[in-house]
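Written out below as structure tokens is the structure these notes cover.
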Amino acid sequence: MARLYHVPLSPFCRKVRLSLAEKRIEVELVEERYWEKEADFLRRNPAAKVPVIRLDGKLMAESAAICEYLEETRPDPSLMPSDPDGRFEVRRLVSWFDDKFHNEVTSKLLYERVNKKVTGQGYPDSSNVKAGARAIKYHLDYLAWLLDHRRWLAGDQMTLADFAAAAHLSSLDYISDVDWNRSAVVKDWYAKIKSRPAFRSILADQIPGFSPPPHYADLDF
């Protein structure tokens, strides 16, 4: 069985978990206190980051690389389009969320409000929180624009781009940092992807010291 070293609210770990679940790959989840940089974990990944997966007799790190490996070795069901243009658009959007969205929103909201407390790094920086709250509006509007022109974020089929976006938004939704009333089309898209069986284990996550809002696990929110 595969083993995934993860942190429950990490959007990078959630993206991998969604890919594994969608492809029906059984996995053992092991929570990793990566910030303590214990010797065993540093041997698994000298970068001291999660996720790390043990699969096919090897250890692999970096969420994007892991998801691409899963796609190449377990192509059914596919999370990438068959054409080069489609694959490019998926990779572009995955990078958008894991880089731009992460730096402008996730790191400013989730990391300030949750990670600092969990890792003992002090109190949230209010200027960062305010910046994240401003930035997420722009990103939600961009999602709405994409979904006004496409059935899913990257095109006509659900792809890894949808999982990347949903991984970040679900983590932020756990701490009530997503205004779902800003866009009906974004809310409908999230409700659709949230209702997939692959999302079940994520919606069951419980973080000590933090309680999700009532709608968090509600499929009809």
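Within each chain, counting starts at residue 1; across the structure tokens, chains are named A, B, ... in the order shown, with ligands numbered 1 upward in that order.
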Give me, as a Markdown table, the closest atom pair and its distance (Å, one decimal) for every residue of region 21-81 of chain A within a cut-off of 12 Å of region 110-122 of chain A, counting only C-alpha atoms, rows sorted by chain and rising number.
| residue | atom | partner | partner_atom | distance |
| --- | --- | --- | --- | --- |
| A:Glu32 | CA | A:Thr119 | CA | 11.9 |
| A:Arg33 | CA | A:Thr119 | CA | 8.5 |
| A:Tyr34 | CA | A:Thr119 | CA | 9.4 |
| A:Trp35 | CA | A:Thr119 | CA | 6.8 |
| A:Glu36 | CA | A:Thr119 | CA | 8.5 |
| A:Lys37 | CA | A:Thr119 | CA | 11.7 |
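By chain and then residue number, the residues within 7 Å of region 137-146 of chain A are Leu153, Ser183, Val185 and Val186 of chain A, counting only C-alpha atoms and disregarding those fewer than 5 positions away in sequence.
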With all heavy atoms retained, export the selected residues as an mmCIF file, in the first residue's frame.
data_model
loop_
_atom_site.group_PDB
_atom_site.id
_atom_site.type_symbol
_atom_site.label_atom_id
_atom_site.label_comp_id
_atom_site.auth_asym_id
_atom_site.auth_seq_id
_atom_site.Cartn_x
_atom_site.Cartn_y
_atom_site.Cartn_z
ATOM 1 N N LEU A 153 -12.351 24.115 -15.116
ATOM 2 C CA LEU A 153 -11.392 25.216 -15.154
ATOM 3 C C LEU A 153 -10.523 25.228 -16.404
ATOM 4 O O LEU A 153 -10.236 26.276 -16.965
ATOM 5 C CB LEU A 153 -10.489 25.175 -13.905
ATOM 6 C CG LEU A 153 -11.179 25.484 -12.573
ATOM 7 C CD1 LEU A 153 -10.141 25.504 -11.447
ATOM 8 C CD2 LEU A 153 -11.921 26.811 -12.634
ATOM 9 N N SER A 183 -19.594 34.556 -6.164
ATOM 10 C CA SER A 183 -19.856 34.069 -7.517
ATOM 11 C C SER A 183 -20.649 32.776 -7.472
ATOM 12 O O SER A 183 -20.179 31.773 -6.925
ATOM 13 C CB SER A 183 -18.534 33.835 -8.259
ATOM 14 O OG SER A 183 -18.749 33.125 -9.458
ATOM 15 N N VAL A 185 -21.317 30.864 -10.019
ATOM 16 C CA VAL A 185 -20.712 29.843 -10.876
ATOM 17 C C VAL A 185 -19.542 29.158 -10.171
ATOM 18 O O VAL A 185 -19.339 27.946 -10.325
ATOM 19 C CB VAL A 185 -20.269 30.457 -12.226
ATOM 20 C CG1 VAL A 185 -19.098 31.409 -12.066
ATOM 21 C CG2 VAL A 185 -19.918 29.362 -13.219
ATOM 22 N N VAL A 186 -18.788 29.897 -9.362
ATOM 23 C CA VAL A 186 -17.689 29.293 -8.608
ATOM 24 C C VAL A 186 -18.248 28.392 -7.511
ATOM 25 O O VAL A 186 -17.747 27.283 -7.287
ATOM 26 C CB VAL A 186 -16.771 30.377 -8.004
ATOM 27 C CG1 VAL A 186 -15.725 29.750 -7.077
ATOM 28 C CG2 VAL A 186 -16.076 31.156 -9.115
#
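Using only C-alpha atoms, the shortest contact distance between Ser201 (chain A) and any of A:Val52, A:Met1, A:Ile136, A:Ala21 is found at A:Ala21.
Within 7 Å of region 2-13 of chain A there are Val16, Arg17, Glu26, Val27, Glu28, Leu29, Val30, Glu31, Glu32, Val50, Pro51, Val52, Ile53, Arg54, Leu55, Ser63, Ala167, His168, Ser171 and Asp205 of chain A, counting only C-alpha atoms and ignoring same-chain residues fewer than 3 positions away.
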Enumerate, as a ChimeraX atom specification, the complete set of residues in region 35-207 of chain A that a backbone-based DSSP assignment places in alpha helix (DSSP H). /A:39-44,63-73,84-95,107-110,116-118,126-149,160-174,184-194,200-203
What separates CA of Lys23 (chain A) and CA of Ala48 (chain A) is a distance of 26.8 Å
Name the closest residue to Asp56 (chain A) among the candidates A:Ile25, A:Val178, A:Pro77, A:Arg44; distances are taken between atoms, counting only C-alpha atoms. A:Ile25
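Taking CA of Ser78 (chain A) and CA of Ala65 (chain A) as the two end points, the separation is 15.7 Å.
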Selected residue of minimal separation from Trp96 (chain A) among A:Ile193, A:Ile66, A:Ala204, A:Ala164, counting only C-alpha atoms: A:Ala164
